[in-house]
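Below: one structure, written as structure tokens.
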Amino acid sequence: MTAPAPAAVSVGTPSCTVYVRNLEESIKIPTLKQSLEAIFSQYGTILDVVAKRSLKAKGQAFVVFDSVSAAENAIKEVQAFPLFNKPMVLAFAKSRSDATVKREAGEESKEFEAHKRRRLAEKERKQAQEALENQRRPTEIAAAATKPKKPAGLKSTAPAAVQQVPDEYLPPNTTLFLRELPEDVEAETLIGLFGQFDGFKEVRMVPGRKGIAFVEFENLEGAISAKEGTGGAMLGENVIKVTYQRQ
């Protein structure tokens, strides 16, 4: 039996990218992408179809056209069309896709690089928020289960437990924290490694501490590029770890 169509939704501001949701989550990604391409290719040239396996991205996809008019026609004609017995819900994507920016500005353009950095920063911000929520949830459940009942009117004076986001999910900022450095590494070596990225400001070694350092940038974009470009790189025989400074 075909599922009932969801209630009408606002399709948003026109763009080249169609956001598709209410997709059948059990379908394998390659099959899903092929099916979407077969349906939407009737309305224009498709630059990309994006669908991911992650839990939060299940049941969703993005179809990137080469023109706004093609995306508009697709939304008009395909809205509520059943795919694997579920009616698709379509809207315009809120942000431009990588494929669209690459096509309009060029793969080597500064605009495309800035677009990728902004997308990466938003992704890392969401990962940090999710990590904090996931860490908080079991603690809250356990606390609720073991919390003794108190007489009405009494308030606890104990400080609330502070949840700490893992280093790898810290939100982006302009200071990078380096770990697992060779014990004999010098500031000049790190300057040579990180100085190639835009906005580089300085390297700060930590007196009395080996294997760690901080790298400061003048802007967020430079820090994001440097983290992406150096994380997991080899320095001597060490694989260095690069995260954002905890604030």
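Starting from 1 in every chain, residues are counted up; chains themselves are A, B, ... following the order of the structure tokens, and ligands are numbered from 1 as listed.
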
**Request:** Fewer than 3 positions away in the same chain doesn't count, so skip those; otherwise give me all residues within 8 Å of A:Gly222, counting only C-alpha atoms, as a list in words.
**Result:**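 That gives Thr174, Phe197, Asp198, Gly199, Phe200, Phe217, Glu218, Asn219, Ser225 and Ala226 of chain A.
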
**Prompt:** Which one is closest to A:Pro172: A:Lys210, A:Lys56, A:Lys227, A:Lys86? Count only C-alpha atoms.
**Reply:** A:Lys227

**All helix (DSSP H, G or I) residues (DSSP, backbone) inside stretch 42-100 of chain A, as a ChimeraX atom specification** = /A:42-43,55-57,68-78,98-100

Let me see the file: selected residues, N, CA, C and O atoms, as a PDB file, in the first residue's frame.
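Printed below is again.pdb as written:
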```pdb
ATOM      1  N   GLN A  42      14.918  13.878 -16.131  1.00  0.00           N
ATOM      2  CA  GLN A  42      13.922  14.286 -17.134  1.00  0.00           C
ATOM      3  C   GLN A  42      13.702  15.794 -17.146  1.00  0.00           C
ATOM      4  O   GLN A  42      13.146  16.336 -18.104  1.00  0.00           O
ATOM      5  N   TYR A  43      14.161  16.480 -16.082  1.00  0.00           N
ATOM      6  CA  TYR A  43      13.862  17.906 -15.949  1.00  0.00           C
ATOM      7  C   TYR A  43      15.070  18.813 -16.178  1.00  0.00           C
ATOM      8  O   TYR A  43      14.944  20.030 -16.101  1.00  0.00           O
ATOM      9  N   LEU A  55      23.352   8.510  10.262  1.00  0.00           N
ATOM     10  CA  LEU A  55      22.034   8.416  10.889  1.00  0.00           C
ATOM     11  C   LEU A  55      21.202   9.662  10.655  1.00  0.00           C
ATOM     12  O   LEU A  55      20.021   9.588  10.311  1.00  0.00           O
ATOM     13  N   LYS A  56      21.814  10.846  10.807  1.00  0.00           N
ATOM     14  CA  LYS A  56      21.069  12.088  10.666  1.00  0.00           C
ATOM     15  C   LYS A  56      20.721  12.392   9.216  1.00  0.00           C
ATOM     16  O   LYS A  56      19.810  13.168   8.939  1.00  0.00           O
ATOM     17  N   ALA A  57      21.459  11.796   8.266  1.00  0.00           N
ATOM     18  CA  ALA A  57      21.226  12.082   6.849  1.00  0.00           C
ATOM     19  C   ALA A  57      20.328  11.044   6.181  1.00  0.00           C
ATOM     20  O   ALA A  57      19.989  11.180   5.010  1.00  0.00           O
ATOM     21  N   VAL A  68      18.469  27.005 -12.195  1.00  0.00           N
ATOM     22  CA  VAL A  68      17.367  27.173 -11.241  1.00  0.00           C
ATOM     23  C   VAL A  68      16.056  26.713 -11.870  1.00  0.00           C
ATOM     24  O   VAL A  68      15.215  26.097 -11.211  1.00  0.00           O
ATOM     25  N   SER A  69      15.882  27.002 -13.160  1.00  0.00           N
ATOM     26  CA  SER A  69      14.629  26.638 -13.823  1.00  0.00           C
ATOM     27  C   SER A  69      14.416  25.123 -13.828  1.00  0.00           C
ATOM     28  O   SER A  69      13.284  24.644 -13.670  1.00  0.00           O
ATOM     29  N   ALA A  70      15.498  24.370 -14.007  1.00  0.00           N
ATOM     30  CA  ALA A  70      15.383  22.907 -13.985  1.00  0.00           C
ATOM     31  C   ALA A  70      14.947  22.426 -12.606  1.00  0.00           C
ATOM     32  O   ALA A  70      14.098  21.537 -12.480  1.00  0.00           O
ATOM     33  N   ALA A  71      15.541  23.019 -11.552  1.00  0.00           N
ATOM     34  CA  ALA A  71      15.169  22.648 -10.184  1.00  0.00           C
ATOM     35  C   ALA A  71      13.715  23.011  -9.904  1.00  0.00           C
ATOM     36  O   ALA A  71      12.977  22.244  -9.249  1.00  0.00           O
ATOM     37  N   GLU A  72      13.275  24.175 -10.395  1.00  0.00           N
ATOM     38  CA  GLU A  72      11.879  24.597 -10.192  1.00  0.00           C
ATOM     39  C   GLU A  72      10.905  23.628 -10.861  1.00  0.00           C
ATOM     40  O   GLU A  72       9.886  23.242 -10.269  1.00  0.00           O
ATOM     41  N   ASN A  73      11.213  23.234 -12.087  1.00  0.00           N
ATOM     42  CA  ASN A  73      10.349  22.294 -12.797  1.00  0.00           C
ATOM     43  C   ASN A  73      10.292  20.945 -12.083  1.00  0.00           C
ATOM     44  O   ASN A  73       9.231  20.316 -11.984  1.00  0.00           O
ATOM     45  N   ALA A  74      11.445  20.496 -11.588  1.00  0.00           N
ATOM     46  CA  ALA A  74      11.498  19.209 -10.900  1.00  0.00           C
ATOM     47  C   ALA A  74      10.631  19.227  -9.650  1.00  0.00           C
ATOM     48  O   ALA A  74       9.871  18.277  -9.386  1.00  0.00           O
ATOM     49  N   ILE A  75      10.731  20.291  -8.868  1.00  0.00           N
ATOM     50  CA  ILE A  75       9.927  20.389  -7.646  1.00  0.00           C
ATOM     51  C   ILE A  75       8.436  20.416  -7.988  1.00  0.00           C
ATOM     52  O   ILE A  75       7.620  19.749  -7.336  1.00  0.00           O
ATOM     53  N   LYS A  76       8.092  21.163  -9.016  1.00  0.00           N
ATOM     54  CA  LYS A  76       6.689  21.282  -9.413  1.00  0.00           C
ATOM     55  C   LYS A  76       6.120  19.940  -9.864  1.00  0.00           C
ATOM     56  O   LYS A  76       4.986  19.570  -9.508  1.00  0.00           O
ATOM     57  N   GLU A  77       6.908  19.187 -10.640  1.00  0.00           N
ATOM     58  CA  GLU A  77       6.398  17.961 -11.249  1.00  0.00           C
ATOM     59  C   GLU A  77       6.556  16.719 -10.368  1.00  0.00           C
ATOM     60  O   GLU A  77       5.763  15.778 -10.467  1.00  0.00           O
ATOM     61  N   VAL A  78       7.589  16.694  -9.536  1.00  0.00           N
ATOM     62  CA  VAL A  78       7.906  15.470  -8.794  1.00  0.00           C
ATOM     63  C   VAL A  78       7.401  15.502  -7.349  1.00  0.00           C
ATOM     64  O   VAL A  78       7.379  14.480  -6.670  1.00  0.00           O
ATOM     65  N   ASP A  98      28.436  22.203  -3.421  1.00  0.00           N
ATOM     66  CA  ASP A  98      29.803  22.276  -3.926  1.00  0.00           C
ATOM     67  C   ASP A  98      29.804  22.297  -5.451  1.00  0.00           C
ATOM     68  O   ASP A  98      30.554  23.053  -6.076  1.00  0.00           O
ATOM     69  N   ALA A  99      28.980  21.439  -6.056  1.00  0.00           N
ATOM     70  CA  ALA A  99      28.959  21.344  -7.513  1.00  0.00           C
ATOM     71  C   ALA A  99      28.523  22.657  -8.160  1.00  0.00           C
ATOM     72  O   ALA A  99      29.073  23.069  -9.186  1.00  0.00           O
ATOM     73  N   THR A 100      27.559  23.340  -7.540  1.00  0.00           N
ATOM     74  CA  THR A 100      27.082  24.612  -8.089  1.00  0.00           C
ATOM     75  C   THR A 100      28.150  25.691  -8.001  1.00  0.00           C
ATOM     76  O   THR A 100      28.419  26.402  -8.976  1.00  0.00           O
TER      77      THR A 100
END
```

**Message:** Which residues are close to A:Val49, i.e. within 10 Å by only C-alpha atoms, leaving aside same-chain residues fewer than 3 positions away? Reply as a PyMOL selection string.
**Reply:** chain A and resi 17-18+32-34+36-37+40+46+61-65+99

**Asked** Taking into account only C-alpha atoms, which residue in the set A:Ile29, A:Leu235, A:Ala223, A:Leu170 is nearest to A:Glu186?
**Response**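 Comparing A:Ile29, A:Leu235, A:Ala223, A:Leu170 against A:Glu186, the winner is A:Leu235.
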
**Fill in**
Students should find that atom CA of A:Lys241 and atom CA of A:Gly195 are spaced 17.3 Å

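Going from atom CA of A:Gly12 to atom CA of A:Gln79 covers 13.6 Å.
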